[in-house]
$ cat query_6.cif   # mmCIF, N, CA and C atoms
data_model
#
loop_
_atom_site.group_PDB
_atom_site.id
_atom_site.type_symbol
_atom_site.label_atom_id
_atom_site.label_comp_id
_atom_site.auth_asym_id
_atom_site.auth_seq_id
_atom_site.Cartn_x
_atom_site.Cartn_y
_atom_site.Cartn_z
ATOM 1 N N MET Z 1 -133.097 87.333 -176.775
ATOM 2 C CA MET Z 1 -132.056 88.125 -176.164
ATOM 3 C C MET Z 1 -132.683 89.038 -175.117
ATOM 4 N N VAL Z 2 -132.104 89.041 -173.915
ATOM 5 C CA VAL Z 2 -132.613 89.866 -172.828
ATOM 6 C C VAL Z 2 -131.763 91.126 -172.783
ATOM 7 N N THR Z 3 -132.425 92.249 -172.842
ATOM 8 C CA THR Z 3 -131.682 93.507 -172.843
ATOM 9 C C THR Z 3 -131.846 94.282 -171.548
ATOM 10 N N SER Z 4 -132.756 93.862 -170.678
ATOM 11 C CA SER Z 4 -132.937 94.603 -169.430
ATOM 12 C C SER Z 4 -131.827 94.245 -168.443
ATOM 13 N N ALA Z 5 -131.635 95.100 -167.472
ATOM 14 C CA ALA Z 5 -130.584 94.901 -166.482
ATOM 15 C C ALA Z 5 -131.009 93.937 -165.387
ATOM 16 N N GLN Z 6 -132.271 93.555 -165.351
ATOM 17 C CA GLN Z 6 -132.743 92.654 -164.322
ATOM 18 C C GLN Z 6 -132.432 91.210 -164.705
ATOM 19 N N PRO Z 7 -132.047 90.397 -163.700
ATOM 20 C CA PRO Z 7 -131.760 88.984 -164.001
ATOM 21 C C PRO Z 7 -133.046 88.239 -164.335
ATOM 22 N N ARG Z 8 -132.886 87.153 -165.049
ATOM 23 C CA ARG Z 8 -134.031 86.316 -165.413
ATOM 24 C C ARG Z 8 -134.546 85.581 -164.186
ATOM 25 N N ARG Z 9 -135.830 85.364 -164.147
ATOM 26 C CA ARG Z 9 -136.428 84.580 -163.078
ATOM 27 C C ARG Z 9 -136.580 83.154 -163.552
ATOM 28 N N ALA Z 10 -136.471 82.252 -162.618
ATOM 29 C CA ALA Z 10 -136.667 80.844 -162.963
ATOM 30 C C ALA Z 10 -138.143 80.619 -163.271
ATOM 31 N N ALA Z 11 -138.381 79.719 -164.143
ATOM 32 C CA ALA Z 11 -139.760 79.417 -164.510
ATOM 33 C C ALA Z 11 -140.479 78.784 -163.329
ATOM 34 N N ALA Z 12 -141.738 79.086 -163.182
ATOM 35 C CA ALA Z 12 -142.547 78.519 -162.097
ATOM 36 C C ALA Z 12 -142.706 77.021 -162.332
ATOM 37 N N PRO Z 13 -142.686 76.233 -161.259
ATOM 38 C CA PRO Z 13 -142.845 74.786 -161.441
ATOM 39 C C PRO Z 13 -144.229 74.469 -161.993
ATOM 40 N N GLU Z 14 -144.285 73.392 -162.734
ATOM 41 C CA GLU Z 14 -145.577 72.972 -163.282
ATOM 42 C C GLU Z 14 -146.489 72.576 -162.133
ATOM 43 N N SER Z 15 -147.773 72.710 -162.364
ATOM 44 C CA SER Z 15 -148.713 72.392 -161.291
ATOM 45 C C SER Z 15 -148.576 70.924 -160.901
ATOM 46 N N GLY Z 16 -148.655 70.650 -159.598
ATOM 47 C CA GLY Z 16 -148.558 69.276 -159.117
ATOM 48 C C GLY Z 16 -147.132 68.866 -158.772
ATOM 49 N N ARG Z 17 -146.138 69.623 -159.169
ATOM 50 C CA ARG Z 17 -144.739 69.296 -158.855
ATOM 51 C C ARG Z 17 -144.203 70.267 -157.809
ATOM 52 N N ARG Z 18 -143.422 69.717 -156.926
ATOM 53 C CA ARG Z 18 -142.770 70.568 -155.934
ATOM 54 C C ARG Z 18 -141.408 70.993 -156.460
ATOM 55 N N PRO Z 19 -140.939 72.158 -156.054
ATOM 56 C CA PRO Z 19 -139.597 72.557 -156.475
ATOM 57 C C PRO Z 19 -138.553 71.636 -155.839
ATOM 58 N N ALA Z 20 -137.438 71.479 -156.491
ATOM 59 C CA ALA Z 20 -136.389 70.597 -155.989
ATOM 60 C C ALA Z 20 -135.823 71.143 -154.686
ATOM 61 N N ARG Z 21 -135.601 70.237 -153.719
ATOM 62 C CA ARG Z 21 -135.015 70.626 -152.437
ATOM 63 C C ARG Z 21 -133.525 70.865 -152.609
ATOM 64 N N PRO Z 22 -132.972 71.843 -151.909
ATOM 65 C CA PRO Z 22 -131.520 71.990 -151.957
ATOM 66 C C PRO Z 22 -130.864 70.769 -151.307
ATOM 67 N N ARG Z 23 -129.716 70.404 -151.803
ATOM 68 C CA ARG Z 23 -129.022 69.230 -151.301
ATOM 69 C C ARG Z 23 -128.562 69.448 -149.864
ATOM 70 N N ALA Z 24 -128.762 68.459 -149.020
ATOM 71 C CA ALA Z 24 -128.342 68.554 -147.619
ATOM 72 C C ALA Z 24 -126.819 68.532 -147.546
ATOM 73 N N ARG Z 25 -126.292 69.262 -146.579
ATOM 74 C CA ARG Z 25 -124.838 69.281 -146.410
ATOM 75 C C ARG Z 25 -124.367 67.967 -145.796
ATOM 76 N N ALA Z 26 -123.233 67.522 -146.251
ATOM 77 C CA ALA Z 26 -122.676 66.274 -145.742
ATOM 78 C C ALA Z 26 -121.999 66.512 -144.399
ATOM 79 N N VAL Z 27 -121.990 65.516 -143.559
ATOM 80 C CA VAL Z 27 -121.353 65.596 -142.251
ATOM 81 C C VAL Z 27 -119.844 65.414 -142.386
ATOM 82 N N TYR Z 28 -119.417 64.782 -143.433
ATOM 83 C CA TYR Z 28 -118.009 64.426 -143.623
ATOM 84 C C TYR Z 28 -117.037 65.592 -143.423
ATOM 85 N N PRO Z 29 -117.241 66.761 -144.018
ATOM 86 C CA PRO Z 29 -116.258 67.836 -143.822
ATOM 87 C C PRO Z 29 -116.150 68.291 -142.368
ATOM 88 N N TYR Z 30 -117.256 68.219 -141.620
ATOM 89 C CA TYR Z 30 -117.218 68.659 -140.230
ATOM 90 C C TYR Z 30 -116.421 67.701 -139.348
ATOM 91 N N ALA Z 31 -116.215 66.494 -139.793
ATOM 92 C CA ALA Z 31 -115.426 65.538 -139.020
ATOM 93 C C ALA Z 31 -113.975 65.996 -138.893
ATOM 94 N N PHE Z 32 -113.506 66.820 -139.814
ATOM 95 C CA PHE Z 32 -112.141 67.316 -139.736
ATOM 96 C C PHE Z 32 -111.986 68.384 -138.650
ATOM 97 N N TYR Z 33 -113.076 69.011 -138.246
ATOM 98 C CA TYR Z 33 -113.017 70.009 -137.177
ATOM 99 C C TYR Z 33 -112.952 69.369 -135.801
ATOM 100 N N LEU Z 34 -113.411 68.149 -135.657
ATOM 101 C CA LEU Z 34 -113.495 67.486 -134.362
ATOM 102 C C LEU Z 34 -112.137 67.357 -133.655
ATOM 103 N N PRO Z 35 -111.079 66.855 -134.300
ATOM 104 C CA PRO Z 35 -109.796 66.760 -133.585
ATOM 105 C C PRO Z 35 -109.269 68.125 -133.140
ATOM 106 N N ALA Z 36 -109.415 69.134 -133.988
ATOM 107 C CA ALA Z 36 -108.955 70.469 -133.610
ATOM 108 C C ALA Z 36 -109.779 71.011 -132.444
ATOM 109 N N GLY Z 37 -111.069 70.752 -132.457
ATOM 110 C CA GLY Z 37 -111.922 71.203 -131.365
ATOM 111 C C GLY Z 37 -111.569 70.530 -130.051
ATOM 112 N N ILE Z 38 -111.245 69.249 -130.104
ATOM 113 C CA ILE Z 38 -110.857 68.525 -128.891
ATOM 114 C C ILE Z 38 -109.544 69.060 -128.348
ATOM 115 N N VAL Z 39 -108.565 69.258 -129.209
ATOM 116 C CA VAL Z 39 -107.268 69.788 -128.776
ATOM 117 C C VAL Z 39 -107.439 71.188 -128.190
ATOM 118 N N TYR Z 40 -108.223 72.041 -128.842
ATOM 119 C CA TYR Z 40 -108.467 73.394 -128.355
ATOM 120 C C TYR Z 40 -109.134 73.357 -126.980
ATOM 121 N N THR Z 41 -110.087 72.487 -126.806
ATOM 122 C CA THR Z 41 -110.785 72.392 -125.532
ATOM 123 C C THR Z 41 -109.851 71.920 -124.424
ATOM 124 N N VAL Z 42 -109.059 70.878 -124.706
ATOM 125 C CA VAL Z 42 -108.190 70.301 -123.681
ATOM 126 C C VAL Z 42 -107.025 71.227 -123.338
ATOM 127 N N ILE Z 43 -106.453 71.883 -124.329
ATOM 128 C CA ILE Z 43 -105.257 72.696 -124.087
ATOM 129 C C ILE Z 43 -105.586 74.121 -123.668
ATOM 130 N N PHE Z 44 -106.706 74.670 -124.118
ATOM 131 C CA PHE Z 44 -106.997 76.068 -123.812
ATOM 132 C C PHE Z 44 -108.209 76.260 -122.901
ATOM 133 N N LEU Z 45 -109.347 75.732 -123.253
ATOM 134 C CA LEU Z 45 -110.573 76.037 -122.511
ATOM 135 C C LEU Z 45 -110.586 75.448 -121.102
ATOM 136 N N VAL Z 46 -110.205 74.192 -120.953
ATOM 137 C CA VAL Z 46 -110.232 73.557 -119.631
ATOM 138 C C VAL Z 46 -109.282 74.268 -118.666
ATOM 139 N N PRO Z 47 -108.012 74.519 -119.024
ATOM 140 C CA PRO Z 47 -107.142 75.236 -118.083
ATOM 141 C C PRO Z 47 -107.615 76.661 -117.775
ATOM 142 N N THR Z 48 -108.221 77.338 -118.744
ATOM 143 C CA THR Z 48 -108.712 78.688 -118.499
ATOM 144 C C THR Z 48 -109.839 78.680 -117.478
ATOM 145 N N VAL Z 49 -110.785 77.792 -117.635
ATOM 146 C CA VAL Z 49 -111.902 77.697 -116.691
ATOM 147 C C VAL Z 49 -111.396 77.284 -115.307
ATOM 148 N N MET Z 50 -110.462 76.345 -115.257
ATOM 149 C CA MET Z 50 -109.910 75.911 -113.974
ATOM 150 C C MET Z 50 -109.153 77.037 -113.285
ATOM 151 N N ALA Z 51 -108.423 77.856 -114.045
ATOM 152 C CA ALA Z 51 -107.688 78.978 -113.457
ATOM 153 C C ALA Z 51 -108.643 79.979 -112.816
ATOM 154 N N PHE Z 52 -109.766 80.272 -113.477
ATOM 155 C CA PHE Z 52 -110.751 81.167 -112.868
ATOM 156 C C PHE Z 52 -111.327 80.551 -111.598
ATOM 157 N N TYR Z 53 -111.589 79.266 -111.632
ATOM 158 C CA TYR Z 53 -112.126 78.586 -110.457
ATOM 159 C C TYR Z 53 -111.125 78.636 -109.302
ATOM 160 N N PHE Z 54 -109.880 78.322 -109.575
ATOM 161 C CA PHE Z 54 -108.850 78.322 -108.525
ATOM 162 C C PHE Z 54 -108.597 79.725 -107.991
ATOM 163 N N ALA Z 55 -108.695 80.740 -108.842
ATOM 164 C CA ALA Z 55 -108.450 82.110 -108.409
ATOM 165 C C ALA Z 55 -109.536 82.605 -107.465
ATOM 166 N N LEU Z 56 -110.719 82.047 -107.550
ATOM 167 C CA LEU Z 56 -111.834 82.523 -106.739
ATOM 168 C C LEU Z 56 -112.145 81.629 -105.546
ATOM 169 N N THR Z 57 -111.258 80.683 -105.232
ATOM 170 C CA THR Z 57 -111.471 79.783 -104.097
ATOM 171 C C THR Z 57 -110.252 79.778 -103.195
ATOM 172 N N ARG Z 58 -110.466 79.420 -101.925
ATOM 173 C CA ARG Z 58 -109.366 79.254 -100.972
ATOM 174 C C ARG Z 58 -109.239 77.758 -100.734
ATOM 175 N N TRP Z 59 -108.027 77.258 -100.900
ATOM 176 C CA TRP Z 59 -107.802 75.821 -100.844
ATOM 177 C C TRP Z 59 -107.065 75.412 -99.582
ATOM 178 N N THR Z 60 -107.507 74.308 -98.991
ATOM 179 C CA THR Z 60 -106.730 73.586 -97.996
ATOM 180 C C THR Z 60 -106.394 72.251 -98.651
ATOM 181 N N LEU Z 61 -105.821 71.357 -97.908
ATOM 182 C CA LEU Z 61 -105.379 70.105 -98.518
ATOM 183 C C LEU Z 61 -106.539 69.302 -99.100
ATOM 184 N N PHE Z 62 -107.664 69.243 -98.414
ATOM 185 C CA PHE Z 62 -108.781 68.419 -98.876
ATOM 186 C C PHE Z 62 -110.065 69.189 -99.133
ATOM 187 N N ASP Z 63 -110.063 70.488 -98.985
ATOM 188 C CA ASP Z 63 -111.300 71.251 -99.079
ATOM 189 C C ASP Z 63 -111.060 72.558 -99.820
ATOM 190 N N SER Z 64 -112.112 73.062 -100.422
ATOM 191 C CA SER Z 64 -112.032 74.375 -101.058
ATOM 192 C C SER Z 64 -113.241 75.185 -100.637
ATOM 193 N N GLU Z 65 -113.055 76.497 -100.553
ATOM 194 C CA GLU Z 65 -114.127 77.391 -100.135
ATOM 195 C C GLU Z 65 -114.149 78.573 -101.091
ATOM 196 N N PHE Z 66 -115.325 78.898 -101.614
ATOM 197 C CA PHE Z 66 -115.455 80.036 -102.519
ATOM 198 C C PHE Z 66 -115.273 81.323 -101.729
ATOM 199 N N VAL Z 67 -114.329 82.169 -102.166
ATOM 200 C CA VAL Z 67 -114.076 83.434 -101.470
ATOM 201 C C VAL Z 67 -114.219 84.631 -102.398
ATOM 202 N N GLY Z 68 -114.533 84.420 -103.645
ATOM 203 C CA GLY Z 68 -114.709 85.527 -104.583
ATOM 204 C C GLY Z 68 -113.399 86.253 -104.854
ATOM 205 N N LEU Z 69 -113.431 87.559 -104.779
ATOM 206 C CA LEU Z 69 -112.245 88.366 -105.098
ATOM 207 C C LEU Z 69 -111.340 88.613 -103.889
ATOM 208 N N ASP Z 70 -111.606 87.955 -102.769
ATOM 209 C CA ASP Z 70 -110.766 88.137 -101.573
ATOM 210 C C ASP Z 70 -109.322 87.751 -101.828
ATOM 211 N N ASN Z 71 -109.076 86.749 -102.626
ATOM 212 C CA ASN Z 71 -107.694 86.360 -102.935
ATOM 213 C C ASN Z 71 -106.940 87.505 -103.610
ATOM 214 N N PHE Z 72 -107.593 88.205 -104.508
ATOM 215 C CA PHE Z 72 -106.944 89.320 -105.191
ATOM 216 C C PHE Z 72 -106.734 90.494 -104.241
ATOM 217 N N ARG Z 73 -107.713 90.760 -103.366
ATOM 218 C CA ARG Z 73 -107.571 91.839 -102.379
ATOM 219 C C ARG Z 73 -106.399 91.548 -101.450
ATOM 220 N N ASP Z 74 -106.288 90.305 -100.977
ATOM 221 C CA ASP Z 74 -105.181 89.916 -100.101
ATOM 222 C C ASP Z 74 -103.841 90.020 -100.819
ATOM 223 N N PHE Z 75 -103.807 89.638 -102.074
ATOM 224 C CA PHE Z 75 -102.559 89.681 -102.828
ATOM 225 C C PHE Z 75 -102.055 91.112 -102.974
ATOM 226 N N PHE Z 76 -102.944 92.033 -103.364
ATOM 227 C CA PHE Z 76 -102.513 93.404 -103.573
ATOM 228 C C PHE Z 76 -102.314 94.171 -102.282
ATOM 229 N N ALA Z 77 -102.807 93.651 -101.147
ATOM 230 C CA ALA Z 77 -102.571 94.270 -99.860
ATOM 231 C C ALA Z 77 -101.269 93.779 -99.212
ATOM 232 N N GLU Z 78 -100.601 92.843 -99.830
ATOM 233 C CA GLU Z 78 -99.363 92.280 -99.302
ATOM 234 C C GLU Z 78 -98.295 93.377 -99.170
ATOM 235 N N GLN Z 79 -97.707 93.463 -97.977
ATOM 236 C CA GLN Z 79 -96.714 94.503 -97.693
ATOM 237 C C GLN Z 79 -95.462 94.348 -98.536
ATOM 238 N N ASN Z 80 -95.058 93.122 -98.811
ATOM 239 C CA ASN Z 80 -93.815 92.905 -99.560
ATOM 240 C C ASN Z 80 -93.918 93.331 -101.021
ATOM 241 N N LEU Z 81 -95.100 93.603 -101.516
ATOM 242 C CA LEU Z 81 -95.267 94.053 -102.905
ATOM 243 C C LEU Z 81 -95.091 95.557 -103.042
ATOM 244 N N ARG Z 82 -95.150 96.283 -101.936
ATOM 245 C CA ARG Z 82 -95.095 97.742 -101.994
ATOM 246 C C ARG Z 82 -93.663 98.217 -102.184
ATOM 247 N N VAL Z 83 -93.535 99.233 -103.003
ATOM 248 C CA VAL Z 83 -92.227 99.822 -103.281
ATOM 249 C C VAL Z 83 -92.102 101.091 -102.443
ATOM 250 N N GLY Z 84 -90.962 101.246 -101.811
ATOM 251 C CA GLY Z 84 -90.702 102.530 -101.185
ATOM 252 C C GLY Z 84 -90.718 102.503 -99.757
#

$ encode --input "query_6.cif" --output "C-alpha cells"
Amino acid sequence: MVTSAQPRRAAAPESGRRPARPRARAVYPYAFYLPAGIVYTVIFLVPTVMAFYFALTRWTLFDSEFVGLDNFRDFFAEQNLRVG
C-alpha cells in the first residue's frame, strides 16, 4: 500500500530492452479534415486574397498595374462622397 502523495514511477526497463514506443497516430482521422479544408480555401481564402490583390491594382481590359493604396486615396477624394 502506497501512502505517500507522490505517484508511483514505472519500473525501469530491464537491461538490453528498449522502452516501448508510443503508437503512431493514424492518418485516417485527418482525412475527414481535407474536404472541409478544401471548401474553406475555395470559398473563403481564395476570394479574400483576390480581393486584396484587386484592391491594390489598377485594371484595364487586358493589363493590370500595381498602384498600392492609390485606389483608396482616389475613392475617398471623390467629390460625390462628400456631404454638405

$ residues_around --input "query_6.cif" --residues "range 66-74 of chain Z" --least-positions-apart "5" --cutoff "6 Å" --atoms "all atoms listed in the file" --output "PyMOL selection string"
chain Z and resi 55-58

$ atom_distance --input "query_6.cif" --atom1 "atom C of Ser64 in chain Z" --atom2 "CA of Phe52 in chain Z"
13.8 Å

$ atom_distance --input "query_6.cif" --atom1 "CA of Met50 in chain Z" --atom2 "CA of Ile38 in chain Z"
16.7 Å

$ atom_distance --input "query_6.cif" --atom1 "CA of Leu34 in chain Z" --atom2 "CA of Val46 in chain Z"
16.3 Å

$ build_atoms --input "query_6.cif" --residues "range 71-82 of chain Z" --atoms "all heavy atoms" --output "compact mmCIF listing (two decimals), keeping the file's coordinate frame"
# COMPACT_ATOMS: atom_id res chain seq x y z
N ASN Z 71 -109.08 86.75 -102.63
CA ASN Z 71 -107.69 86.36 -102.94
C ASN Z 71 -106.94 87.50 -103.61
O ASN Z 71 -105.77 87.76 -103.30
CB ASN Z 71 -107.66 85.14 -103.84
CG ASN Z 71 -108.02 83.87 -103.12
OD1 ASN Z 71 -107.91 83.79 -101.90
ND2 ASN Z 71 -108.45 82.87 -103.86
N PHE Z 72 -107.59 88.20 -104.51
CA PHE Z 72 -106.94 89.32 -105.19
C PHE Z 72 -106.73 90.49 -104.24
O PHE Z 72 -105.70 91.16 -104.28
CB PHE Z 72 -107.76 89.76 -106.41
CG PHE Z 72 -107.80 88.72 -107.48
CD1 PHE Z 72 -108.88 87.86 -107.58
CD2 PHE Z 72 -106.75 88.58 -108.37
CE1 PHE Z 72 -108.91 86.88 -108.56
CE2 PHE Z 72 -106.77 87.62 -109.35
CZ PHE Z 72 -107.85 86.76 -109.45
N ARG Z 73 -107.71 90.76 -103.37
CA ARG Z 73 -107.57 91.84 -102.38
C ARG Z 73 -106.40 91.55 -101.45
O ARG Z 73 -105.57 92.42 -101.18
CB ARG Z 73 -108.87 91.98 -101.58
CG ARG Z 73 -108.85 93.11 -100.58
CD ARG Z 73 -110.15 93.18 -99.80
NE ARG Z 73 -110.57 91.89 -99.27
CZ ARG Z 73 -110.15 91.38 -98.10
NH1 ARG Z 73 -109.32 92.05 -97.36
NH2 ARG Z 73 -110.58 90.20 -97.71
N ASP Z 74 -106.29 90.30 -100.98
CA ASP Z 74 -105.18 89.92 -100.10
C ASP Z 74 -103.84 90.02 -100.82
O ASP Z 74 -102.84 90.45 -100.23
CB ASP Z 74 -105.38 88.49 -99.58
CG ASP Z 74 -106.57 88.37 -98.65
OD1 ASP Z 74 -107.06 89.41 -98.16
OD2 ASP Z 74 -107.02 87.22 -98.43
N PHE Z 75 -103.81 89.64 -102.07
CA PHE Z 75 -102.56 89.68 -102.83
C PHE Z 75 -102.06 91.11 -102.97
O PHE Z 75 -100.88 91.41 -102.74
CB PHE Z 75 -102.76 89.05 -104.22
CG PHE Z 75 -101.55 89.14 -105.10
CD1 PHE Z 75 -100.47 88.31 -104.91
CD2 PHE Z 75 -101.49 90.07 -106.13
CE1 PHE Z 75 -99.35 88.39 -105.72
CE2 PHE Z 75 -100.39 90.16 -106.94
CZ PHE Z 75 -99.31 89.32 -106.74
N PHE Z 76 -102.94 92.03 -103.36
CA PHE Z 76 -102.51 93.40 -103.57
C PHE Z 76 -102.31 94.17 -102.28
O PHE Z 76 -101.69 95.23 -102.28
CB PHE Z 76 -103.49 94.14 -104.50
CG PHE Z 76 -103.42 93.67 -105.91
CD1 PHE Z 76 -104.47 92.99 -106.49
CD2 PHE Z 76 -102.27 93.87 -106.66
CE1 PHE Z 76 -104.40 92.53 -107.80
CE2 PHE Z 76 -102.18 93.42 -107.97
CZ PHE Z 76 -103.24 92.75 -108.54
N ALA Z 77 -102.81 93.65 -101.15
CA ALA Z 77 -102.57 94.27 -99.86
C ALA Z 77 -101.27 93.78 -99.21
O ALA Z 77 -100.88 94.28 -98.17
CB ALA Z 77 -103.75 93.98 -98.93
N GLU Z 78 -100.60 92.84 -99.83
CA GLU Z 78 -99.36 92.28 -99.30
C GLU Z 78 -98.30 93.38 -99.17
O GLU Z 78 -98.00 94.11 -100.11
CB GLU Z 78 -98.86 91.16 -100.22
CG GLU Z 78 -97.61 90.48 -99.77
CD GLU Z 78 -97.81 89.69 -98.48
OE1 GLU Z 78 -98.88 89.10 -98.30
OE2 GLU Z 78 -96.88 89.70 -97.66
N GLN Z 79 -97.71 93.46 -97.98
CA GLN Z 79 -96.71 94.50 -97.69
C GLN Z 79 -95.46 94.35 -98.54
O GLN Z 79 -94.82 95.34 -98.91
CB GLN Z 79 -96.34 94.49 -96.21
CG GLN Z 79 -97.46 94.96 -95.30
CD GLN Z 79 -97.76 96.44 -95.52
OE1 GLN Z 79 -96.88 97.24 -95.82
NE2 GLN Z 79 -99.03 96.79 -95.38
N ASN Z 80 -95.06 93.12 -98.81
CA ASN Z 80 -93.82 92.90 -99.56
C ASN Z 80 -93.92 93.33 -101.02
O ASN Z 80 -92.90 93.42 -101.71
CB ASN Z 80 -93.41 91.44 -99.50
CG ASN Z 80 -93.02 91.03 -98.09
OD1 ASN Z 80 -92.57 91.85 -97.31
ND2 ASN Z 80 -93.23 89.77 -97.77
N LEU Z 81 -95.10 93.60 -101.52
CA LEU Z 81 -95.27 94.05 -102.90
C LEU Z 81 -95.09 95.56 -103.04
O LEU Z 81 -94.91 96.07 -104.14
CB LEU Z 81 -96.65 93.66 -103.43
CG LEU Z 81 -96.90 92.19 -103.65
CD1 LEU Z 81 -98.33 91.97 -104.09
CD2 LEU Z 81 -95.94 91.65 -104.69
N ARG Z 82 -95.15 96.28 -101.94
CA ARG Z 82 -95.10 97.74 -101.99
C ARG Z 82 -93.66 98.22 -102.18
O ARG Z 82 -92.73 97.69 -101.60
CB ARG Z 82 -95.68 98.35 -100.73
CG ARG Z 82 -97.14 97.97 -100.65
CD ARG Z 82 -97.80 98.62 -99.53
NE ARG Z 82 -99.16 98.09 -99.47
CZ ARG Z 82 -100.13 98.67 -98.87
NH1 ARG Z 82 -99.93 99.78 -98.24
NH2 ARG Z 82 -101.33 98.13 -98.88
